[in-house]
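Printed here is my_file.cif (mmCIF, C-alpha atoms and all ligand atoms; chains and numbers go by the auth columns):
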```cif
data_final
#
loop_
_atom_site.group_PDB
_atom_site.id
_atom_site.type_symbol
_atom_site.label_atom_id
_atom_site.label_comp_id
_atom_site.label_asym_id
_atom_site.label_seq_id
_atom_site.Cartn_x
_atom_site.Cartn_y
_atom_site.Cartn_z
_atom_site.B_iso_or_equiv
_atom_site.auth_seq_id
_atom_site.auth_asym_id
ATOM 1 C CA MET A 1 22.169 -37.419 -61.401 0.00 15 A
ATOM 2 C CA SER A 2 21.911 -39.018 -57.959 0.00 16 A
ATOM 3 C CA ASP A 3 18.682 -39.988 -56.146 0.00 17 A
ATOM 4 C CA SER A 4 19.552 -38.092 -53.003 0.00 18 A
ATOM 5 C CA PRO A 5 18.203 -34.564 -52.528 0.00 19 A
ATOM 6 C CA ALA A 6 20.454 -31.642 -53.322 0.00 20 A
ATOM 7 C CA TRP A 7 20.683 -30.517 -49.682 0.00 21 A
ATOM 8 C CA LYS A 8 22.414 -33.780 -48.753 0.00 22 A
ATOM 9 C CA GLU A 9 25.156 -32.975 -51.167 0.00 23 A
ATOM 10 C CA ASP A 10 25.338 -29.410 -49.868 0.00 24 A
ATOM 11 C CA PHE A 11 25.453 -30.579 -46.239 0.00 25 A
ATOM 12 C CA PRO A 12 27.217 -33.939 -46.314 0.00 26 A
ATOM 13 C CA ILE A 13 26.837 -34.902 -42.651 0.00 27 A
ATOM 14 C CA ALA A 14 26.795 -38.578 -41.813 0.00 28 A
ATOM 15 C CA TRP A 15 23.498 -39.665 -40.235 0.00 29 A
ATOM 16 C CA THR A 16 25.305 -41.098 -37.167 0.00 30 A
ATOM 17 C CA ASP A 17 27.000 -37.758 -36.482 0.00 31 A
ATOM 18 C CA ASP A 18 23.793 -35.834 -36.680 0.00 32 A
ATOM 19 C CA HIS A 19 22.499 -34.810 -33.252 0.00 33 A
ATOM 20 C CA PHE A 20 18.975 -34.792 -34.398 0.00 34 A
ATOM 21 C CA VAL A 21 16.441 -33.713 -31.792 0.00 35 A
ATOM 22 C CA THR A 22 13.015 -35.147 -32.260 0.00 36 A
ATOM 23 C CA ARG A 23 9.892 -33.141 -31.564 0.00 37 A
ATOM 24 C CA ARG A 24 9.195 -35.451 -28.640 0.00 38 A
ATOM 25 C CA GLU A 25 12.607 -34.758 -27.058 0.00 39 A
ATOM 26 C CA PHE A 26 12.193 -31.037 -27.650 0.00 40 A
ATOM 27 C CA THR A 27 8.738 -31.131 -26.042 0.00 41 A
ATOM 28 C CA LYS A 28 10.144 -33.080 -23.090 0.00 42 A
ATOM 29 C CA SER A 29 12.814 -30.480 -22.486 0.00 43 A
ATOM 30 C CA LEU A 30 10.240 -27.697 -22.760 0.00 44 A
ATOM 31 C CA VAL A 31 8.067 -29.412 -20.152 0.00 45 A
ATOM 32 C CA LEU A 32 11.078 -29.950 -17.871 0.00 46 A
ATOM 33 C CA VAL A 33 12.174 -26.323 -18.145 0.00 47 A
ATOM 34 C CA SER A 34 8.601 -25.141 -17.515 0.00 48 A
ATOM 35 C CA CYS A 35 8.264 -27.378 -14.449 0.00 49 A
ATOM 36 C CA ALA A 36 11.620 -26.209 -13.070 0.00 50 A
ATOM 37 C CA SER A 37 10.599 -22.593 -13.632 0.00 51 A
ATOM 38 C CA PHE A 38 7.245 -23.173 -11.911 0.00 52 A
ATOM 39 C CA VAL A 39 8.901 -24.825 -8.901 0.00 53 A
ATOM 40 C CA ALA A 40 11.440 -21.989 -8.609 0.00 54 A
ATOM 41 C CA ASN A 41 8.736 -19.301 -8.788 0.00 55 A
ATOM 42 C CA ALA A 42 6.532 -21.154 -6.288 0.00 56 A
ATOM 43 C CA SER A 43 9.483 -21.441 -3.881 0.00 57 A
ATOM 44 C CA VAL A 44 10.228 -17.712 -4.102 0.00 58 A
ATOM 45 C CA ALA A 45 6.538 -16.829 -3.632 0.00 59 A
ATOM 46 C CA THR A 46 6.272 -19.138 -0.603 0.00 60 A
ATOM 47 C CA LEU A 47 9.389 -17.676 0.988 0.00 61 A
ATOM 48 C CA GLU A 48 8.103 -14.133 0.469 0.00 62 A
ATOM 49 C CA ALA A 49 4.707 -15.040 1.920 0.00 63 A
ATOM 50 C CA PHE A 50 6.274 -16.326 5.126 0.00 64 A
ATOM 51 C CA GLN A 51 8.712 -13.473 5.542 0.00 65 A
ATOM 52 C CA GLU A 52 7.514 -10.841 7.956 0.00 66 A
ATOM 53 C CA ALA A 53 7.053 -7.391 6.535 0.00 67 A
ATOM 54 C CA PRO A 54 9.497 -4.962 8.073 0.00 68 A
ATOM 55 C CA LYS A 55 7.880 -3.216 10.996 0.00 69 A
ATOM 56 C CA VAL A 56 7.561 0.514 10.733 0.00 70 A
ATOM 57 C CA VAL A 57 8.566 2.202 13.938 0.00 71 A
ATOM 58 C CA PHE A 58 6.684 5.422 14.484 0.00 72 A
ATOM 59 C CA PRO A 59 8.057 8.134 16.719 0.00 73 A
ATOM 60 C CA ALA A 60 6.144 9.456 19.706 0.00 74 A
ATOM 61 C CA VAL A 61 5.422 13.144 19.243 0.00 75 A
ATOM 62 C CA ARG A 62 3.653 15.462 21.643 0.00 76 A
ATOM 63 C CA VAL A 63 0.780 17.118 19.770 0.00 77 A
ATOM 64 C CA ALA A 64 -1.144 19.050 22.388 0.00 78 A
ATOM 65 C CA THR A 65 -1.904 19.543 26.016 0.00 79 A
ATOM 66 C CA ALA A 66 -5.255 18.211 27.130 0.00 80 A
ATOM 67 C CA GLY A 67 -7.681 21.108 27.473 0.00 81 A
ATOM 68 C CA GLU A 68 -5.761 23.248 25.022 0.00 82 A
ATOM 69 C CA LEU A 69 -8.542 22.773 22.456 0.00 83 A
ATOM 70 C CA PRO A 70 -12.218 23.468 23.139 0.00 84 A
ATOM 71 C CA VAL A 71 -14.681 20.634 22.469 0.00 85 A
ATOM 72 C CA GLY A 72 -15.342 20.770 18.719 0.00 86 A
ATOM 73 C CA GLY A 73 -11.990 22.444 18.116 0.00 87 A
ATOM 74 C CA SER A 74 -9.245 21.190 15.854 0.00 88 A
ATOM 75 C CA ARG A 75 -5.640 21.933 15.113 0.00 89 A
ATOM 76 C CA VAL A 76 -3.018 20.914 12.627 0.00 90 A
ATOM 77 C CA PHE A 77 0.175 19.096 13.558 0.00 91 A
ATOM 78 C CA HIS A 78 2.870 17.177 11.711 0.00 92 A
ATOM 79 C CA TYR A 79 3.277 13.447 12.073 0.00 93 A
ATOM 80 C CA PRO A 80 5.250 11.235 11.683 0.00 94 A
ATOM 81 C CA GLY A 81 7.496 13.522 9.655 0.00 95 A
ATOM 82 C CA PRO A 82 7.600 17.296 9.213 0.00 96 A
ATOM 83 C CA ASN A 83 5.962 17.054 5.760 0.00 97 A
ATOM 84 C CA GLU A 84 2.969 14.992 6.815 0.00 98 A
ATOM 85 C CA VAL A 85 0.141 17.199 7.979 0.00 99 A
ATOM 86 C CA CYS A 86 -2.437 15.806 10.390 0.00 100 A
ATOM 87 C CA LEU A 87 -5.539 17.094 12.093 0.00 101 A
ATOM 88 C CA LEU A 88 -6.285 16.718 15.799 0.00 102 A
ATOM 89 C CA VAL A 89 -9.961 17.051 16.726 0.00 103 A
ATOM 90 C CA ARG A 90 -11.470 17.195 20.175 0.00 104 A
ATOM 91 C CA ILE A 91 -14.830 15.501 19.749 0.00 105 A
ATOM 92 C CA GLY A 92 -15.770 15.262 23.418 0.00 106 A
ATOM 93 C CA SER A 93 -14.596 16.460 26.796 0.00 107 A
ATOM 94 C CA GLU A 94 -12.278 13.441 27.050 0.00 108 A
ATOM 95 C CA ARG A 95 -12.239 12.299 23.420 0.00 109 A
ATOM 96 C CA TYR A 96 -9.655 13.243 20.849 0.00 110 A
ATOM 97 C CA VAL A 97 -9.120 11.810 17.379 0.00 111 A
ATOM 98 C CA ALA A 98 -6.457 12.528 14.818 0.00 112 A
ATOM 99 C CA TYR A 99 -6.154 11.811 11.104 0.00 113 A
ATOM 100 C CA SER A 100 -3.888 12.545 8.237 0.00 114 A
ATOM 101 C CA GLN A 101 -5.188 15.758 6.732 0.00 115 A
ATOM 102 C CA LYS A 102 -4.579 14.405 3.244 0.00 116 A
ATOM 103 C CA CYS A 103 -7.806 13.391 1.506 0.00 117 A
ATOM 104 C CA THR A 104 -7.636 9.880 0.081 0.00 118 A
ATOM 105 C CA HIS A 105 -9.078 11.072 -3.228 0.00 119 A
ATOM 106 C CA LEU A 106 -6.551 13.510 -4.653 0.00 120 A
ATOM 107 C CA GLY A 107 -4.787 14.701 -1.541 0.00 121 A
ATOM 108 C CA CYS A 108 -6.503 18.000 -0.707 0.00 122 A
ATOM 109 C CA PRO A 109 -6.474 18.948 2.982 0.00 123 A
ATOM 110 C CA VAL A 110 -9.585 18.018 4.938 0.00 124 A
ATOM 111 C CA HIS A 111 -11.121 20.290 7.574 0.00 125 A
ATOM 112 C CA TYR A 112 -13.315 19.626 10.552 0.00 126 A
ATOM 113 C CA GLN A 113 -16.863 20.941 10.433 0.00 127 A
ATOM 114 C CA ALA A 114 -17.941 20.930 14.047 0.00 128 A
ATOM 115 C CA GLU A 115 -21.552 21.872 13.287 0.00 129 A
ATOM 116 C CA VAL A 116 -22.121 18.601 11.375 0.00 130 A
ATOM 117 C CA ARG A 117 -19.359 16.591 13.137 0.00 131 A
ATOM 118 C CA LYS A 118 -17.728 15.624 9.834 0.00 132 A
ATOM 119 C CA LEU A 119 -14.370 15.997 8.194 0.00 133 A
ATOM 120 C CA TYR A 120 -14.830 17.786 4.905 0.00 134 A
ATOM 121 C CA CYS A 121 -12.744 17.924 1.750 0.00 135 A
ATOM 122 C CA PRO A 122 -13.680 21.033 -0.245 0.00 136 A
ATOM 123 C CA CYS A 123 -12.029 19.920 -3.487 0.00 137 A
ATOM 124 C CA HIS A 124 -14.729 17.449 -4.556 0.00 138 A
ATOM 125 C CA GLU A 125 -17.192 17.498 -1.668 0.00 139 A
ATOM 126 C CA GLY A 126 -15.776 14.521 0.183 0.00 140 A
ATOM 127 C CA PHE A 127 -17.010 13.812 3.703 0.00 141 A
ATOM 128 C CA PHE A 128 -15.488 11.563 6.362 0.00 142 A
ATOM 129 C CA ASN A 129 -16.825 10.350 9.688 0.00 143 A
ATOM 130 C CA VAL A 130 -14.960 12.097 12.488 0.00 144 A
ATOM 131 C CA ASP A 131 -15.254 9.094 14.820 0.00 145 A
ATOM 132 C CA ASP A 132 -13.393 6.614 12.626 0.00 146 A
ATOM 133 C CA GLY A 133 -12.354 8.392 9.436 0.00 147 A
ATOM 134 C CA ARG A 134 -14.535 6.336 7.106 0.00 148 A
ATOM 135 C CA VAL A 135 -15.919 7.856 3.917 0.00 149 A
ATOM 136 C CA LEU A 136 -19.462 9.193 4.207 0.00 150 A
ATOM 137 C CA ALA A 137 -19.887 10.865 0.822 0.00 151 A
ATOM 138 C CA GLY A 138 -18.049 11.951 -2.270 0.00 152 A
ATOM 139 C CA PRO A 139 -15.277 10.391 -4.322 0.00 153 A
ATOM 140 C CA PRO A 140 -12.651 9.442 -1.704 0.00 154 A
ATOM 141 C CA PRO A 141 -11.945 5.725 -2.125 0.00 155 A
ATOM 142 C CA ARG A 142 -10.607 4.964 1.358 0.00 156 A
ATOM 143 C CA PRO A 143 -10.908 6.138 4.960 0.00 157 A
ATOM 144 C CA LEU A 144 -8.477 8.749 6.220 0.00 158 A
ATOM 145 C CA ALA A 145 -5.261 7.457 7.727 0.00 159 A
ATOM 146 C CA GLN A 146 -5.712 7.483 11.478 0.00 160 A
ATOM 147 C CA ILE A 147 -3.136 8.715 13.964 0.00 161 A
ATOM 148 C CA ARG A 148 -3.011 6.745 17.194 0.00 162 A
ATOM 149 C CA LEU A 149 -3.048 8.980 20.237 0.00 163 A
ATOM 150 C CA GLU A 150 -1.998 8.360 23.795 0.00 164 A
ATOM 151 C CA LYS A 151 -2.654 10.521 26.819 0.00 165 A
ATOM 152 C CA ARG A 152 0.407 10.924 28.998 0.00 166 A
ATOM 153 C CA GLY A 153 -0.555 12.908 32.031 0.00 167 A
ATOM 154 C CA GLU A 154 -1.988 16.122 30.660 0.00 168 A
ATOM 155 C CA GLU A 155 -0.353 15.732 27.263 0.00 169 A
ATOM 156 C CA LEU A 156 -1.549 14.089 24.062 0.00 170 A
ATOM 157 C CA TRP A 157 1.033 12.199 22.077 0.00 171 A
ATOM 158 C CA ALA A 158 0.878 10.779 18.576 0.00 172 A
ATOM 159 C CA ILE A 159 2.319 7.263 18.746 0.00 173 A
ATOM 160 C CA GLY A 160 1.452 5.612 15.450 0.00 174 A
ATOM 161 C CA LYS A 161 -0.367 5.727 12.174 0.00 175 A
ATOM 162 C CA THR A 162 -2.736 3.244 10.572 0.00 176 A
ATOM 163 C CA GLY A 163 -4.038 3.161 7.055 0.00 177 A
HETATM 164 S S1 LIG B . -9.443 15.548 -3.145 0.00 1 B
HETATM 165 FE FE1 LIG B . -10.829 15.251 -1.531 0.00 1 B
HETATM 166 S S2 LIG B . -12.663 14.751 -2.496 0.00 1 B
HETATM 167 FE FE2 LIG B . -11.269 14.976 -4.107 0.00 1 B
#
```

Kindly transcribe the structure held in the file into structure tokens.
Ligand code: FES
Amino acid sequence: MSDSPAWKEDFPIAWTDDHFVTRREFTKSLVLVSCASFVANASVATLEAFQEAPKVVFPAVRVATAGELPVGGSRVFHYPGPNEVCLLVRIGSERYVAYSQKCTHLGCPVHYQAEVRKLYCPCHEGFFNVDDGRVLAGPPPRPLAQIRLEKRGEELWAIGKTG
């Protein structure tokens, strides 16, 4: 019986031919691969951070003629697309505001309550400030999306959307 272990007889590979990888070499390659991966990810993140987000171009859509609504009146219109319902409110003789009618909680349509000067969502008693669309009460997590308006002569045009 020989002194060498049985596996050496089963796998008779000469020591010089063995491409033995030490734990240290393995650890080195792991560190190198990790560093390379980190550098690649950091490069991609940096490039994305400096890239400008694509600008959304909103159409200009005529929504009403000035004076068509009484002070305290409101009307629905669609902007920027035919499936997006918005609410135009005349809050003063020369002041109009417009918001997406979709509540930021679960999407129910909001309505204007002229007597309390608030936008109201009946689904869960949400209230929004009519001047800027911010949440006053209830579960909505964010202000209403605001529609930018422009007066062109006697006409009101929707020209953009924020939020
Ligand atoms: S959907 Fe408007 S408050 Fe819940």

Contact residues around A:Ser107 with only C-alpha atoms at 10 Å, ignoring same-chain residues under 5 positions, as a ChimeraX atom specification:
/A:80-81,83-86

Restricted to C-alpha atoms, what would the selected residues look like written as a PDB file, in the coordinates of the input?
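Wrote it out as selection39.pdb, contents follow:
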```pdb
ATOM      1  CA  ALA A  80      -5.255  18.211  27.130  1.00  0.00           C
ATOM      2  CA  GLY A  81      -7.681  21.108  27.473  1.00  0.00           C
ATOM      3  CA  LEU A  83      -8.542  22.773  22.456  1.00  0.00           C
ATOM      4  CA  PRO A  84     -12.218  23.468  23.139  1.00  0.00           C
ATOM      5  CA  VAL A  85     -14.681  20.634  22.469  1.00  0.00           C
ATOM      6  CA  GLY A  86     -15.342  20.770  18.719  1.00  0.00           C
TER       7      GLY A  86
END
```

Would you compute, for all listed atoms of ligand LIG 1 (chain B), the axis-aligned bounding box grown by 5 Å on each side, and then report its centre and edge lengths in Å rounded to one decimal, as AutoDock Vina command-line options?
```
--center_x -11.1 --center_y 15.1 --center_z -2.8 --size_x 13.2 --size_y 10.8 --size_z 12.6
```

Selected residue of minimal separation from ligand LIG 1 (chain B) among A:Val53, A:Ala20, A:Ala78, A:Cys137, counting only C-alpha atoms and all ligand atoms
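Smallest separation from ligand LIG 1 (chain B) among the options: A:Cys137.
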
d(atom CA of A:Arg156, atom CA of A:Glu129) in Å
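Separating atom CA of A:Arg156 from atom CA of A:Glu129 is a distance of 23.4 Å.
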
Residue contacts of stretch 99-104 of chain A (6 Å, all atoms listed in the file) excluding same-chain residues fewer than 6 positions away, as a PyMOL selection string:
chain A and resi 85-92+110-115

Can you translate the PyMOL selection byres (((not hetatm)) within 7 of (chain B and resi 1)) into the concrete residues it hits in this file, as a list in words?
Cys117, Thr118, His119, Leu120, Gly121, Cys122, Cys135, Pro136, Cys137, His138, Glu139, Gly140, Gly152, Pro153 and Pro154 of chain A

Using the chain letters and numbers from the file, give me the residues hit by the PyMOL selection byres (((chain A and resi 131) around 10) and not hetatm), as a list in words.
Gly86, Ile105, Tyr126, Gln127, Ala128, Glu129, Val130, Lys132, Leu133, Tyr134, Phe142, Asn143, Val144 and Asp145 of chain A

Please produce a file of those selected residues containing C-alpha atoms, as an mmCIF file, keeping the file's coordinate frame.
```cif
data_model
loop_
_atom_site.group_PDB
_atom_site.id
_atom_site.type_symbol
_atom_site.label_atom_id
_atom_site.label_comp_id
_atom_site.auth_asym_id
_atom_site.auth_seq_id
_atom_site.Cartn_x
_atom_site.Cartn_y
_atom_site.Cartn_z
ATOM 1 C CA GLY A 86 -15.342 20.770 18.719
ATOM 2 C CA ILE A 105 -14.830 15.501 19.749
ATOM 3 C CA TYR A 126 -13.315 19.626 10.552
ATOM 4 C CA GLN A 127 -16.863 20.941 10.433
ATOM 5 C CA ALA A 128 -17.941 20.930 14.047
ATOM 6 C CA GLU A 129 -21.552 21.872 13.287
ATOM 7 C CA VAL A 130 -22.121 18.601 11.375
ATOM 8 C CA LYS A 132 -17.728 15.624 9.834
ATOM 9 C CA LEU A 133 -14.370 15.997 8.194
ATOM 10 C CA TYR A 134 -14.830 17.786 4.905
ATOM 11 C CA PHE A 142 -15.488 11.563 6.362
ATOM 12 C CA ASN A 143 -16.825 10.350 9.688
ATOM 13 C CA VAL A 144 -14.960 12.097 12.488
ATOM 14 C CA ASP A 145 -15.254 9.094 14.820
#
```

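Picked by the PyMOL selection byres (((chain A and resi 94-96) around 7) and not hetatm) from the coordinates shown: Phe72, Pro73, His92, Tyr93, Asn97 and Glu98 of chain A.
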
Figure out the distance between atom CA of A:Phe141 and atom CA of A:His125, please, to one decimal in Å.
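If I compute the distance from atom CA of A:His125 to atom CA of A:Phe141, I get 9.6 Å.
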
Distance of atom CA of A:Arg76 from atom CA of A:Ile161, expressed in Å to one decimal place:
12.3 Å

Selection near A:Val75, 7 Å with all atoms listed in the file, sequence-local residues under 4 positions removed, as a PyMOL selection string
chain A and resi 171-173

Residue neighbourhood A:Glu168, 8 Å, only C-alpha atoms, exclusion window fewer than 2 positions, as a VMD selection string
chain A and resid 79 to 80 165 to 166 170

Given the selection you just returned, output its residues as a file containing C-alpha atoms, formatted as a CSV table (one decimal), in the frame of the given file.
```csv
chain,number,residue,atom,x,y,z
A,79,THR,CA,-1.9,19.5,26.0
A,80,ALA,CA,-5.3,18.2,27.1
A,165,LYS,CA,-2.7,10.5,26.8
A,166,ARG,CA,0.4,10.9,29.0
A,170,LEU,CA,-1.5,14.1,24.1
```
